[in-house]
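Trainee: Below are the structure tokens for one structure; questions will follow.
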Amino acid sequence: MVLSYEPGVKSRIMVCVTPQKSCRRLVERGAERARETNGEFCVVYVNRNNDIYKDLKEHKILIELFEMAQKLGGRVSILVGRKISDTLAEFANENDITEIIVGKSLRSAFEVLLHGDVINPLIKRVEEKNIIVEVIE
């Protein structure tokens with residue numbers, strides 16, 4: 001999915017969210033960075049199952065995050081992909097993203113071993129394009 005940006009915008013910030021209320025701080029940071037750099041931001045969510053309506057509670061939180069992003073001047077996108085880091089990297093490359101904002105994983109070390117890491121593979125995939133990845137605690 002390719003987004004269209006205003007001509008001349010050099011700073012494009014991508015905020016990666018999950019259906020958690022704590023992601024509000026990520027959306028706020030994305031809006032702040034867009035203001036600081038006179039750029040634009042988008043909020044993205046990767047749906048791995050192709051079934052976003054599975055959990056109504058998660059769906060409600062995502063809608064709240066998306067509405068917040070739009071009120072702050074951002075765009076929203078729901079991406080579909082099996083491997084989250086690859087899906088995010090492809091979107092970033094296709095849309096000339098200059099900065100990515102992600103939240104630090106709340107997974108335990110065991111869960112990371114079991115399910116894999118998203119942040120480190122994402123950083124590796126985008127570093128050749130000089131895309132900055134900011135990890136928010």
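Here's how to read the names in the structure tokens: chain A, B, ... by the order shown, residue numbers from 1 in each chain, ligand numbers from 1 in the order shown.
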Could you give me, as a PDB file with N, CA, C and O atoms, in the first residue's frame, the residues within 12 Å of Phe91 of chain A, counting only C-alpha atoms and dropping anything in the same chain fewer than 4 positions from it?
Mentor:
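Resulting contents of result28.pdb:
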```pdb
ATOM      1  N   MET A   1       0.838  -1.174   0.000  1.00  0.00           N
ATOM      2  CA  MET A   1       0.000   0.000   0.000  1.00  0.00           C
ATOM      3  C   MET A   1       0.883   1.236   0.000  1.00  0.00           C
ATOM      4  O   MET A   1       1.746   1.388   0.849  1.00  0.00           O
ATOM      5  N   VAL A   2       0.666   2.113  -0.945  1.00  0.00           N
ATOM      6  CA  VAL A   2       1.445   3.336  -1.049  1.00  0.00           C
ATOM      7  C   VAL A   2       0.536   4.516  -0.729  1.00  0.00           C
ATOM      8  O   VAL A   2      -0.548   4.654  -1.286  1.00  0.00           O
ATOM      9  N   LEU A   3       0.997   5.363   0.196  1.00  0.00           N
ATOM     10  CA  LEU A   3       0.262   6.558   0.560  1.00  0.00           C
ATOM     11  C   LEU A   3       0.750   7.726  -0.281  1.00  0.00           C
ATOM     12  O   LEU A   3       1.909   7.759  -0.705  1.00  0.00           O
ATOM     13  N   ARG A  12       8.729  11.749   6.882  1.00  0.00           N
ATOM     14  CA  ARG A  12       7.562  10.862   6.915  1.00  0.00           C
ATOM     15  C   ARG A  12       7.744   9.866   8.049  1.00  0.00           C
ATOM     16  O   ARG A  12       8.619   9.012   7.988  1.00  0.00           O
ATOM     17  N   ILE A  13       6.913  10.000   9.058  1.00  0.00           N
ATOM     18  CA  ILE A  13       7.043   9.194  10.255  1.00  0.00           C
ATOM     19  C   ILE A  13       5.981   8.098  10.256  1.00  0.00           C
ATOM     20  O   ILE A  13       4.803   8.371  10.027  1.00  0.00           O
ATOM     21  N   MET A  14       6.406   6.876  10.523  1.00  0.00           N
ATOM     22  CA  MET A  14       5.499   5.741  10.625  1.00  0.00           C
ATOM     23  C   MET A  14       5.461   5.293  12.081  1.00  0.00           C
ATOM     24  O   MET A  14       6.502   5.013  12.673  1.00  0.00           O
ATOM     25  N   VAL A  15       4.261   5.243  12.653  1.00  0.00           N
ATOM     26  CA  VAL A  15       4.065   4.807  14.032  1.00  0.00           C
ATOM     27  C   VAL A  15       3.430   3.428  13.998  1.00  0.00           C
ATOM     28  O   VAL A  15       2.359   3.243  13.422  1.00  0.00           O
ATOM     29  N   CYS A  16       4.086   2.464  14.624  1.00  0.00           N
ATOM     30  CA  CYS A  16       3.604   1.083  14.624  1.00  0.00           C
ATOM     31  C   CYS A  16       2.853   0.818  15.923  1.00  0.00           C
ATOM     32  O   CYS A  16       3.398   1.028  17.006  1.00  0.00           O
ATOM     33  N   CYS A  42       1.971   8.612   9.820  1.00  0.00           N
ATOM     34  CA  CYS A  42       0.908   7.625   9.637  1.00  0.00           C
ATOM     35  C   CYS A  42       1.040   6.580  10.746  1.00  0.00           C
ATOM     36  O   CYS A  42       2.129   6.312  11.245  1.00  0.00           O
ATOM     37  N   VAL A  43      -0.092   6.050  11.136  1.00  0.00           N
ATOM     38  CA  VAL A  43      -0.150   5.009  12.150  1.00  0.00           C
ATOM     39  C   VAL A  43      -0.519   3.715  11.446  1.00  0.00           C
ATOM     40  O   VAL A  43      -1.480   3.683  10.676  1.00  0.00           O
ATOM     41  N   VAL A  44       0.273   2.680  11.683  1.00  0.00           N
ATOM     42  CA  VAL A  44       0.020   1.404  11.014  1.00  0.00           C
ATOM     43  C   VAL A  44      -0.131   0.270  12.023  1.00  0.00           C
ATOM     44  O   VAL A  44       0.494   0.268  13.078  1.00  0.00           O
ATOM     45  N   TYR A  45      -0.967  -0.658  11.638  1.00  0.00           N
ATOM     46  CA  TYR A  45      -1.194  -1.881  12.410  1.00  0.00           C
ATOM     47  C   TYR A  45      -1.074  -3.044  11.439  1.00  0.00           C
ATOM     48  O   TYR A  45      -1.619  -2.998  10.334  1.00  0.00           O
ATOM     49  N   VAL A  46      -0.359  -4.086  11.842  1.00  0.00           N
ATOM     50  CA  VAL A  46      -0.232  -5.274  11.006  1.00  0.00           C
ATOM     51  C   VAL A  46      -1.164  -6.354  11.538  1.00  0.00           C
ATOM     52  O   VAL A  46      -1.034  -6.806  12.670  1.00  0.00           O
ATOM     53  N   SER A  77      -3.316   3.131   8.496  1.00  0.00           N
ATOM     54  CA  SER A  77      -3.311   2.015   7.549  1.00  0.00           C
ATOM     55  C   SER A  77      -3.308   0.700   8.317  1.00  0.00           C
ATOM     56  O   SER A  77      -2.591   0.558   9.307  1.00  0.00           O
ATOM     57  N   ILE A  78      -4.094  -0.237   7.833  1.00  0.00           N
ATOM     58  CA  ILE A  78      -4.058  -1.599   8.347  1.00  0.00           C
ATOM     59  C   ILE A  78      -3.386  -2.438   7.275  1.00  0.00           C
ATOM     60  O   ILE A  78      -3.827  -2.461   6.125  1.00  0.00           O
ATOM     61  N   LEU A  79      -2.288  -3.067   7.656  1.00  0.00           N
ATOM     62  CA  LEU A  79      -1.524  -3.896   6.733  1.00  0.00           C
ATOM     63  C   LEU A  79      -1.795  -5.361   7.058  1.00  0.00           C
ATOM     64  O   LEU A  79      -2.097  -5.707   8.196  1.00  0.00           O
ATOM     65  N   VAL A  80      -1.667  -6.204   6.074  1.00  0.00           N
ATOM     66  CA  VAL A  80      -1.841  -7.636   6.283  1.00  0.00           C
ATOM     67  C   VAL A  80      -0.544  -8.332   5.905  1.00  0.00           C
ATOM     68  O   VAL A  80       0.002  -8.089   4.822  1.00  0.00           O
ATOM     69  N   GLY A  81      -0.037  -9.156   6.805  1.00  0.00           N
ATOM     70  CA  GLY A  81       1.184  -9.893   6.523  1.00  0.00           C
ATOM     71  C   GLY A  81       1.466 -10.904   7.610  1.00  0.00           C
ATOM     72  O   GLY A  81       1.084 -10.719   8.762  1.00  0.00           O
ATOM     73  N   ILE A  84       5.532  -9.695  10.761  1.00  0.00           N
ATOM     74  CA  ILE A  84       5.303  -8.283  11.054  1.00  0.00           C
ATOM     75  C   ILE A  84       6.476  -7.410  10.629  1.00  0.00           C
ATOM     76  O   ILE A  84       6.275  -6.376   9.979  1.00  0.00           O
ATOM     77  N   SER A  85       7.697  -7.801  10.957  1.00  0.00           N
ATOM     78  CA  SER A  85       8.856  -6.961  10.631  1.00  0.00           C
ATOM     79  C   SER A  85       8.997  -6.777   9.124  1.00  0.00           C
ATOM     80  O   SER A  85       9.290  -5.670   8.649  1.00  0.00           O
ATOM     81  N   ASP A  86       8.776  -7.835   8.357  1.00  0.00           N
ATOM     82  CA  ASP A  86       8.860  -7.722   6.895  1.00  0.00           C
ATOM     83  C   ASP A  86       7.766  -6.823   6.342  1.00  0.00           C
ATOM     84  O   ASP A  86       8.008  -5.995   5.454  1.00  0.00           O
ATOM     85  N   THR A  87       6.556  -6.974   6.855  1.00  0.00           N
ATOM     86  CA  THR A  87       5.428  -6.165   6.390  1.00  0.00           C
ATOM     87  C   THR A  87       5.673  -4.687   6.674  1.00  0.00           C
ATOM     88  O   THR A  87       5.444  -3.832   5.806  1.00  0.00           O
ATOM     89  N   ASN A  95       6.858   3.663   0.931  1.00  0.00           N
ATOM     90  CA  ASN A  95       6.306   4.984   1.218  1.00  0.00           C
ATOM     91  C   ASN A  95       7.363   6.022   1.592  1.00  0.00           C
ATOM     92  O   ASN A  95       7.032   7.082   2.106  1.00  0.00           O
ATOM     93  N   ASP A  96       8.625   5.712   1.333  1.00  0.00           N
ATOM     94  CA  ASP A  96       9.713   6.645   1.627  1.00  0.00           C
ATOM     95  C   ASP A  96       9.660   7.182   3.058  1.00  0.00           C
ATOM     96  O   ASP A  96       9.854   8.370   3.313  1.00  0.00           O
ATOM     97  N   ILE A  97       9.400   6.278   3.992  1.00  0.00           N
ATOM     98  CA  ILE A  97       9.363   6.640   5.414  1.00  0.00           C
ATOM     99  C   ILE A  97      10.777   7.011   5.845  1.00  0.00           C
ATOM    100  O   ILE A  97      11.747   6.357   5.464  1.00  0.00           O
ATOM    101  N   THR A  98      10.889   8.071   6.652  1.00  0.00           N
ATOM    102  CA  THR A  98      12.202   8.518   7.127  1.00  0.00           C
ATOM    103  C   THR A  98      12.459   8.118   8.577  1.00  0.00           C
ATOM    104  O   THR A  98      13.599   8.066   9.016  1.00  0.00           O
ATOM    105  N   ILE A 100      10.726   5.570  11.948  1.00  0.00           N
ATOM    106  CA  ILE A 100       9.742   4.625  12.457  1.00  0.00           C
ATOM    107  C   ILE A 100       9.733   4.709  13.978  1.00  0.00           C
ATOM    108  O   ILE A 100      10.789   4.720  14.611  1.00  0.00           O
ATOM    109  N   LEU A 122      13.277  -5.627  12.136  1.00  0.00           N
ATOM    110  CA  LEU A 122      12.817  -4.421  11.444  1.00  0.00           C
ATOM    111  C   LEU A 122      13.978  -3.451  11.250  1.00  0.00           C
ATOM    112  O   LEU A 122      14.175  -2.924  10.147  1.00  0.00           O
ATOM    113  N   ARG A 125      16.211  -4.589   8.501  1.00  0.00           N
ATOM    114  CA  ARG A 125      15.601  -4.450   7.173  1.00  0.00           C
ATOM    115  C   ARG A 125      15.607  -3.013   6.658  1.00  0.00           C
ATOM    116  O   ARG A 125      15.615  -2.803   5.454  1.00  0.00           O
ATOM    117  N   VAL A 126      15.559  -2.019   7.559  1.00  0.00           N
ATOM    118  CA  VAL A 126      15.435  -0.626   7.097  1.00  0.00           C
ATOM    119  C   VAL A 126      16.719   0.185   7.217  1.00  0.00           C
ATOM    120  O   VAL A 126      16.793   1.289   6.689  1.00  0.00           O
TER     121      VAL A 126
END
```
Trainee: Could you go through segment 9-114 of chain A and tell me which residues DSSP, when run on the backbone, assigns to strand (DSSP E), listing them as a ChimeraX atom specification?
Mentor: /A:12-16,40-47,75-80,99-103
Trainee: Between atom CA of Val118 of chain A and atom CA of Glu40 of chain A, what is the spacing in Å?
Mentor: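 A separation of 23.8 Å between them.
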Trainee: Taking the chain letters and numbering used in this document, name the residues of segment 6-133 of chain A that DSSP puts in helix (DSSP H, G or I), as an mmCIF file with N, CA, C and O atoms, in the first residue's frame.
Mentor:
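Once everything was written out, this is part13.cif:
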```cif
data_model
loop_
_atom_site.group_PDB
_atom_site.id
_atom_site.type_symbol
_atom_site.label_atom_id
_atom_site.label_comp_id
_atom_site.auth_asym_id
_atom_site.auth_seq_id
_atom_site.Cartn_x
_atom_site.Cartn_y
_atom_site.Cartn_z
ATOM 1 N N LYS A 21 -3.903 0.100 24.764
ATOM 2 C CA LYS A 21 -4.086 1.518 25.090
ATOM 3 C C LYS A 21 -2.754 2.227 25.310
ATOM 4 O O LYS A 21 -2.637 3.425 25.083
ATOM 5 N N SER A 22 -1.739 1.494 25.718
ATOM 6 C CA SER A 22 -0.428 2.098 25.951
ATOM 7 C C SER A 22 0.177 2.658 24.658
ATOM 8 O O SER A 22 1.114 3.462 24.706
ATOM 9 N N CYS A 23 -0.354 2.280 23.517
ATOM 10 C CA CYS A 23 0.163 2.782 22.236
ATOM 11 C C CYS A 23 -0.220 4.237 21.984
ATOM 12 O O CYS A 23 0.279 4.851 21.040
ATOM 13 N N ARG A 24 -1.065 4.787 22.826
ATOM 14 C CA ARG A 24 -1.406 6.213 22.687
ATOM 15 C C ARG A 24 -0.149 7.073 22.727
ATOM 16 O O ARG A 24 -0.032 8.047 21.998
ATOM 17 N N ARG A 25 0.791 6.703 23.598
ATOM 18 C CA ARG A 25 2.025 7.481 23.710
ATOM 19 C C ARG A 25 2.827 7.446 22.419
ATOM 20 O O ARG A 25 3.520 8.397 22.077
ATOM 21 N N LEU A 26 2.730 6.351 21.676
ATOM 22 C CA LEU A 26 3.426 6.247 20.394
ATOM 23 C C LEU A 26 2.789 7.183 19.368
ATOM 24 O O LEU A 26 3.494 7.856 18.604
ATOM 25 N N VAL A 27 1.466 7.217 19.351
ATOM 26 C CA VAL A 27 0.752 8.105 18.425
ATOM 27 C C VAL A 27 1.096 9.558 18.749
ATOM 28 O O VAL A 27 1.382 10.361 17.850
ATOM 29 N N GLU A 28 1.102 9.890 20.045
ATOM 30 C CA GLU A 28 1.457 11.258 20.455
ATOM 31 C C GLU A 28 2.882 11.598 20.027
ATOM 32 O O GLU A 28 3.146 12.700 19.543
ATOM 33 N N ARG A 29 3.796 10.663 20.173
ATOM 34 C CA ARG A 29 5.192 10.890 19.778
ATOM 35 C C ARG A 29 5.293 11.073 18.264
ATOM 36 O O ARG A 29 6.046 11.924 17.783
ATOM 37 N N GLY A 30 4.553 10.294 17.499
ATOM 38 C CA GLY A 30 4.561 10.441 16.053
ATOM 39 C C GLY A 30 4.065 11.810 15.623
ATOM 40 O O GLY A 30 4.657 12.461 14.748
ATOM 41 N N ALA A 31 2.993 12.278 16.245
ATOM 42 C CA ALA A 31 2.455 13.611 15.939
ATOM 43 C C ALA A 31 3.470 14.694 16.316
ATOM 44 O O ALA A 31 3.669 15.660 15.574
ATOM 45 N N GLU A 32 4.117 14.503 17.460
ATOM 46 C CA GLU A 32 5.127 15.463 17.921
ATOM 47 C C GLU A 32 6.302 15.525 16.928
ATOM 48 O O GLU A 32 6.752 16.611 16.560
ATOM 49 N N ARG A 33 6.794 14.366 16.494
ATOM 50 C CA ARG A 33 7.919 14.334 15.536
ATOM 51 C C ARG A 33 7.519 14.966 14.202
ATOM 52 O O ARG A 33 8.309 15.671 13.580
ATOM 53 N N ALA A 34 6.283 14.743 13.781
ATOM 54 C CA ALA A 34 5.812 15.353 12.535
ATOM 55 C C ALA A 34 5.811 16.873 12.662
ATOM 56 O O ALA A 34 6.238 17.577 11.739
ATOM 57 N N ARG A 35 5.373 17.382 13.807
ATOM 58 C CA ARG A 35 5.394 18.844 14.021
ATOM 59 C C ARG A 35 6.830 19.360 14.057
ATOM 60 O O ARG A 35 7.144 20.388 13.449
ATOM 61 N N GLU A 36 7.708 18.658 14.788
ATOM 62 C CA GLU A 36 9.106 19.094 14.930
ATOM 63 C C GLU A 36 9.831 19.151 13.588
ATOM 64 O O GLU A 36 10.697 19.994 13.379
ATOM 65 N N THR A 37 9.502 18.235 12.704
ATOM 66 C CA THR A 37 10.232 18.119 11.439
ATOM 67 C C THR A 37 9.453 18.690 10.252
ATOM 68 O O THR A 37 9.886 18.553 9.115
ATOM 69 N N LEU A 56 -13.448 -8.094 19.618
ATOM 70 C CA LEU A 56 -14.125 -6.806 19.639
ATOM 71 C C LEU A 56 -13.398 -5.785 20.516
ATOM 72 O O LEU A 56 -13.310 -4.609 20.174
ATOM 73 N N LYS A 57 -12.832 -6.233 21.635
ATOM 74 C CA LYS A 57 -12.108 -5.323 22.525
ATOM 75 C C LYS A 57 -10.883 -4.749 21.800
ATOM 76 O O LYS A 57 -10.627 -3.551 21.855
ATOM 77 N N GLU A 58 -10.124 -5.608 21.125
ATOM 78 C CA GLU A 58 -8.958 -5.144 20.367
ATOM 79 C C GLU A 58 -9.400 -4.200 19.253
ATOM 80 O O GLU A 58 -8.757 -3.186 18.997
ATOM 81 N N HIS A 59 -10.486 -4.533 18.599
ATOM 82 C CA HIS A 59 -11.011 -3.705 17.512
ATOM 83 C C HIS A 59 -11.338 -2.304 18.032
ATOM 84 O O HIS A 59 -11.004 -1.304 17.400
ATOM 85 N N LYS A 60 -11.954 -2.221 19.207
ATOM 86 C CA LYS A 60 -12.321 -0.931 19.802
ATOM 87 C C LYS A 60 -11.069 -0.101 20.104
ATOM 88 O O LYS A 60 -11.034 1.110 19.847
ATOM 89 N N ILE A 61 -10.057 -0.729 20.650
ATOM 90 C CA ILE A 61 -8.815 -0.008 20.973
ATOM 91 C C ILE A 61 -8.156 0.509 19.693
ATOM 92 O O ILE A 61 -7.697 1.650 19.644
ATOM 93 N N LEU A 62 -8.124 -0.312 18.646
ATOM 94 C CA LEU A 62 -7.546 0.141 17.375
ATOM 95 C C LEU A 62 -8.305 1.337 16.814
ATOM 96 O O LEU A 62 -7.699 2.299 16.335
ATOM 97 N N ILE A 63 -9.624 1.286 16.880
ATOM 98 C CA ILE A 63 -10.419 2.416 16.394
ATOM 99 C C ILE A 63 -10.083 3.677 17.178
ATOM 100 O O ILE A 63 -9.922 4.755 16.598
ATOM 101 N N GLU A 64 -9.945 3.554 18.502
ATOM 102 C CA GLU A 64 -9.575 4.711 19.327
ATOM 103 C C GLU A 64 -8.209 5.266 18.921
ATOM 104 O O GLU A 64 -8.032 6.478 18.811
ATOM 105 N N LEU A 65 -7.245 4.373 18.698
ATOM 106 C CA LEU A 65 -5.913 4.819 18.278
ATOM 107 C C LEU A 65 -5.968 5.493 16.916
ATOM 108 O O LEU A 65 -5.329 6.538 16.693
ATOM 109 N N PHE A 66 -6.721 4.923 15.989
ATOM 110 C CA PHE A 66 -6.829 5.501 14.649
ATOM 111 C C PHE A 66 -7.531 6.856 14.688
ATOM 112 O O PHE A 66 -7.121 7.792 14.001
ATOM 113 N N GLU A 67 -8.582 6.968 15.488
ATOM 114 C CA GLU A 67 -9.271 8.260 15.608
ATOM 115 C C GLU A 67 -8.350 9.314 16.212
ATOM 116 O O GLU A 67 -8.333 10.465 15.774
ATOM 117 N N MET A 68 -7.584 8.918 17.209
ATOM 118 C CA MET A 68 -6.623 9.828 17.833
ATOM 119 C C MET A 68 -5.611 10.313 16.803
ATOM 120 O O MET A 68 -5.308 11.506 16.712
ATOM 121 N N ALA A 69 -5.078 9.387 16.014
ATOM 122 C CA ALA A 69 -4.096 9.740 14.982
ATOM 123 C C ALA A 69 -4.692 10.735 13.999
ATOM 124 O O ALA A 69 -4.048 11.732 13.639
ATOM 125 N N GLN A 70 -5.904 10.488 13.554
ATOM 126 C CA GLN A 70 -6.533 11.385 12.586
ATOM 127 C C GLN A 70 -6.780 12.766 13.181
ATOM 128 O O GLN A 70 -6.581 13.777 12.510
ATOM 129 N N LYS A 71 -7.185 12.831 14.447
ATOM 130 C CA LYS A 71 -7.393 14.120 15.113
ATOM 131 C C LYS A 71 -6.088 14.907 15.217
ATOM 132 O O LYS A 71 -6.094 16.132 15.205
ATOM 133 N N ILE A 84 5.532 -9.695 10.761
ATOM 134 C CA ILE A 84 5.303 -8.283 11.054
ATOM 135 C C ILE A 84 6.476 -7.410 10.629
ATOM 136 O O ILE A 84 6.275 -6.376 9.979
ATOM 137 N N SER A 85 7.697 -7.801 10.957
ATOM 138 C CA SER A 85 8.856 -6.961 10.631
ATOM 139 C C SER A 85 8.997 -6.777 9.124
ATOM 140 O O SER A 85 9.290 -5.670 8.649
ATOM 141 N N ASP A 86 8.776 -7.835 8.357
ATOM 142 C CA ASP A 86 8.860 -7.722 6.895
ATOM 143 C C ASP A 86 7.766 -6.823 6.342
ATOM 144 O O ASP A 86 8.008 -5.995 5.454
ATOM 145 N N THR A 87 6.556 -6.974 6.855
ATOM 146 C CA THR A 87 5.428 -6.165 6.390
ATOM 147 C C THR A 87 5.673 -4.687 6.674
ATOM 148 O O THR A 87 5.444 -3.832 5.806
ATOM 149 N N LEU A 88 6.162 -4.380 7.875
ATOM 150 C CA LEU A 88 6.456 -2.986 8.226
ATOM 151 C C LEU A 88 7.587 -2.427 7.372
ATOM 152 O O LEU A 88 7.511 -1.283 6.894
ATOM 153 N N ALA A 89 8.638 -3.212 7.161
ATOM 154 C CA ALA A 89 9.776 -2.752 6.358
ATOM 155 C C ALA A 89 9.353 -2.485 4.918
ATOM 156 O O ALA A 89 9.765 -1.476 4.320
ATOM 157 N N GLU A 90 8.549 -3.360 4.354
ATOM 158 C CA GLU A 90 8.079 -3.159 2.977
ATOM 159 C C GLU A 90 7.253 -1.877 2.868
ATOM 160 O O GLU A 90 7.429 -1.089 1.933
ATOM 161 N N PHE A 91 6.371 -1.654 3.827
ATOM 162 C CA PHE A 91 5.552 -0.443 3.823
ATOM 163 C C PHE A 91 6.443 0.800 3.933
ATOM 164 O O PHE A 91 6.246 1.784 3.218
ATOM 165 N N ALA A 92 7.419 0.740 4.838
ATOM 166 C CA ALA A 92 8.328 1.877 5.027
ATOM 167 C C ALA A 92 9.097 2.176 3.746
ATOM 168 O O ALA A 92 9.221 3.342 3.340
ATOM 169 N N ASN A 93 9.601 1.158 3.098
ATOM 170 C CA ASN A 93 10.359 1.358 1.861
ATOM 171 C C ASN A 93 9.483 1.873 0.729
ATOM 172 O O ASN A 93 9.879 2.781 -0.009
ATOM 173 N N GLU A 94 8.288 1.328 0.583
ATOM 174 C CA GLU A 94 7.381 1.745 -0.488
ATOM 175 C C GLU A 94 6.903 3.187 -0.317
ATOM 176 O O GLU A 94 6.567 3.853 -1.290
ATOM 177 N N ALA A 109 11.534 -12.740 27.742
ATOM 178 C CA ALA A 109 12.584 -13.347 26.920
ATOM 179 C C ALA A 109 12.117 -14.686 26.361
ATOM 180 O O ALA A 109 12.410 -15.024 25.212
ATOM 181 N N PHE A 110 11.367 -15.427 27.144
ATOM 182 C CA PHE A 110 10.840 -16.710 26.680
ATOM 183 C C PHE A 110 9.875 -16.506 25.511
ATOM 184 O O PHE A 110 9.920 -17.231 24.517
ATOM 185 N N GLU A 111 8.983 -15.524 25.625
ATOM 186 C CA GLU A 111 8.032 -15.254 24.547
ATOM 187 C C GLU A 111 8.743 -14.813 23.267
ATOM 188 O O GLU A 111 8.328 -15.184 22.172
ATOM 189 N N VAL A 112 9.806 -14.027 23.414
ATOM 190 C CA VAL A 112 10.583 -13.609 22.241
ATOM 191 C C VAL A 112 11.211 -14.820 21.579
ATOM 192 O O VAL A 112 11.200 -14.955 20.351
ATOM 193 N N LEU A 113 11.753 -15.744 22.384
ATOM 194 C CA LEU A 113 12.319 -16.969 21.820
ATOM 195 C C LEU A 113 11.248 -17.806 21.124
ATOM 196 O O LEU A 113 11.482 -18.364 20.056
ATOM 197 N N LEU A 114 10.085 -17.864 21.723
ATOM 198 C CA LEU A 114 9.000 -18.675 21.198
ATOM 199 C C LEU A 114 8.370 -18.059 19.938
ATOM 200 O O LEU A 114 8.156 -18.745 18.942
ATOM 201 N N HIS A 115 8.095 -16.766 19.989
ATOM 202 C CA HIS A 115 7.349 -16.111 18.906
ATOM 203 C C HIS A 115 8.212 -15.222 18.007
ATOM 204 O O HIS A 115 7.746 -14.775 16.963
ATOM 205 N N ILE A 119 11.342 -5.915 16.581
ATOM 206 C CA ILE A 119 12.117 -4.674 16.478
ATOM 207 C C ILE A 119 13.478 -4.886 15.817
ATOM 208 O O ILE A 119 13.820 -4.175 14.868
ATOM 209 N N ASN A 120 14.260 -5.840 16.280
ATOM 210 C CA ASN A 120 15.606 -6.028 15.709
ATOM 211 C C ASN A 120 15.581 -6.416 14.228
ATOM 212 O O ASN A 120 16.334 -5.841 13.437
ATOM 213 N N PRO A 121 14.732 -7.359 13.810
ATOM 214 C CA PRO A 121 14.662 -7.643 12.372
ATOM 215 C C PRO A 121 14.187 -6.434 11.563
ATOM 216 O O PRO A 121 14.644 -6.214 10.437
ATOM 217 N N LEU A 122 13.277 -5.627 12.136
ATOM 218 C CA LEU A 122 12.817 -4.421 11.444
ATOM 219 C C LEU A 122 13.978 -3.451 11.250
ATOM 220 O O LEU A 122 14.175 -2.924 10.147
ATOM 221 N N ILE A 123 14.746 -3.229 12.297
ATOM 222 C CA ILE A 123 15.900 -2.315 12.202
ATOM 223 C C ILE A 123 16.860 -2.800 11.117
ATOM 224 O O ILE A 123 17.331 -2.016 10.295
ATOM 225 N N LYS A 124 17.148 -4.090 11.102
ATOM 226 C CA LYS A 124 18.058 -4.643 10.079
ATOM 227 C C LYS A 124 17.519 -4.431 8.666
ATOM 228 O O LYS A 124 18.272 -4.153 7.737
ATOM 229 N N ARG A 125 16.211 -4.589 8.501
ATOM 230 C CA ARG A 125 15.601 -4.450 7.173
ATOM 231 C C ARG A 125 15.607 -3.013 6.658
ATOM 232 O O ARG A 125 15.615 -2.803 5.454
ATOM 233 N N VAL A 126 15.559 -2.019 7.559
ATOM 234 C CA VAL A 126 15.435 -0.626 7.097
ATOM 235 C C VAL A 126 16.719 0.185 7.217
ATOM 236 O O VAL A 126 16.793 1.289 6.689
ATOM 237 N N GLU A 127 17.735 -0.360 7.869
ATOM 238 C CA GLU A 127 18.943 0.432 8.090
ATOM 239 C C GLU A 127 19.660 0.784 6.791
ATOM 240 O O GLU A 127 20.265 1.858 6.696
ATOM 241 N N GLU A 128 19.586 -0.054 5.778
ATOM 242 C CA GLU A 128 20.249 0.246 4.509
ATOM 243 C C GLU A 128 19.613 1.444 3.803
ATOM 244 O O GLU A 128 20.237 2.086 2.970
ATOM 245 N N LYS A 129 18.356 1.756 4.149
ATOM 246 C CA LYS A 129 17.667 2.919 3.577
ATOM 247 C C LYS A 129 17.812 4.144 4.475
ATOM 248 O O LYS A 129 17.177 5.169 4.235
#
```
Trainee: Please compute the atom CA of Val76 of chain A-atom CA of Ile131 of chain A distance, one decimal, in Å.
Mentor: 19.4 Å
Trainee: Leaving out Gly103 of chain A and any residue of its chain fewer than 5 positions from it, which residues lie within 7 Å of it when counting only C-alpha atoms, given as a PyMOL selection string?
Mentor: chain A and resi 26+135-137
Trainee: Emit the selected residues as an mmCIF file, in the first residue's frame, including all heavy atoms.
Mentor:
```cif
data_model
loop_
_atom_site.group_PDB
_atom_site.id
_atom_site.type_symbol
_atom_site.label_atom_id
_atom_site.label_comp_id
_atom_site.auth_asym_id
_atom_site.auth_seq_id
_atom_site.Cartn_x
_atom_site.Cartn_y
_atom_site.Cartn_z
ATOM 1 N N LEU A 26 2.730 6.351 21.676
ATOM 2 C CA LEU A 26 3.426 6.247 20.394
ATOM 3 C C LEU A 26 2.789 7.183 19.368
ATOM 4 O O LEU A 26 3.494 7.856 18.604
ATOM 5 C CB LEU A 26 3.404 4.811 19.881
ATOM 6 C CG LEU A 26 3.968 3.730 20.804
ATOM 7 C CD1 LEU A 26 3.817 2.363 20.166
ATOM 8 C CD2 LEU A 26 5.409 4.015 21.155
ATOM 9 N N VAL A 135 12.751 3.537 19.465
ATOM 10 C CA VAL A 135 12.047 2.595 20.339
ATOM 11 C C VAL A 135 11.668 3.345 21.620
ATOM 12 O O VAL A 135 12.534 3.831 22.336
ATOM 13 C CB VAL A 135 12.914 1.360 20.663
ATOM 14 C CG1 VAL A 135 12.147 0.385 21.542
ATOM 15 C CG2 VAL A 135 13.385 0.679 19.383
ATOM 16 N N ILE A 136 10.369 3.406 21.877
ATOM 17 C CA ILE A 136 9.850 4.117 23.036
ATOM 18 C C ILE A 136 9.611 3.128 24.179
ATOM 19 O O ILE A 136 8.977 2.091 23.966
ATOM 20 C CB ILE A 136 8.518 4.839 22.689
ATOM 21 C CG1 ILE A 136 8.664 5.740 21.474
ATOM 22 C CG2 ILE A 136 7.956 5.579 23.887
ATOM 23 C CD1 ILE A 136 9.518 6.948 21.668
ATOM 24 N N GLU A 137 10.120 3.462 25.353
ATOM 25 C CA GLU A 137 9.934 2.606 26.538
ATOM 26 C C GLU A 137 8.488 2.635 26.971
ATOM 27 O O GLU A 137 7.812 3.609 26.923
ATOM 28 C CB GLU A 137 10.808 3.099 27.684
ATOM 29 C CG GLU A 137 12.284 2.978 27.384
ATOM 30 C CD GLU A 137 12.838 1.588 27.618
ATOM 31 O OE1 GLU A 137 12.291 0.841 28.454
ATOM 32 O OE2 GLU A 137 13.810 1.244 26.962
#
```
Trainee: Quick one: pull the distance between atom CA of Pro19 of chain A and atom CA of Ile101 of chain A, Å, one decimal.
Mentor: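 Computing the Euclidean distance for atom CA of Pro19 of chain A and atom CA of Ile101 of chain A yields 15.4 Å.
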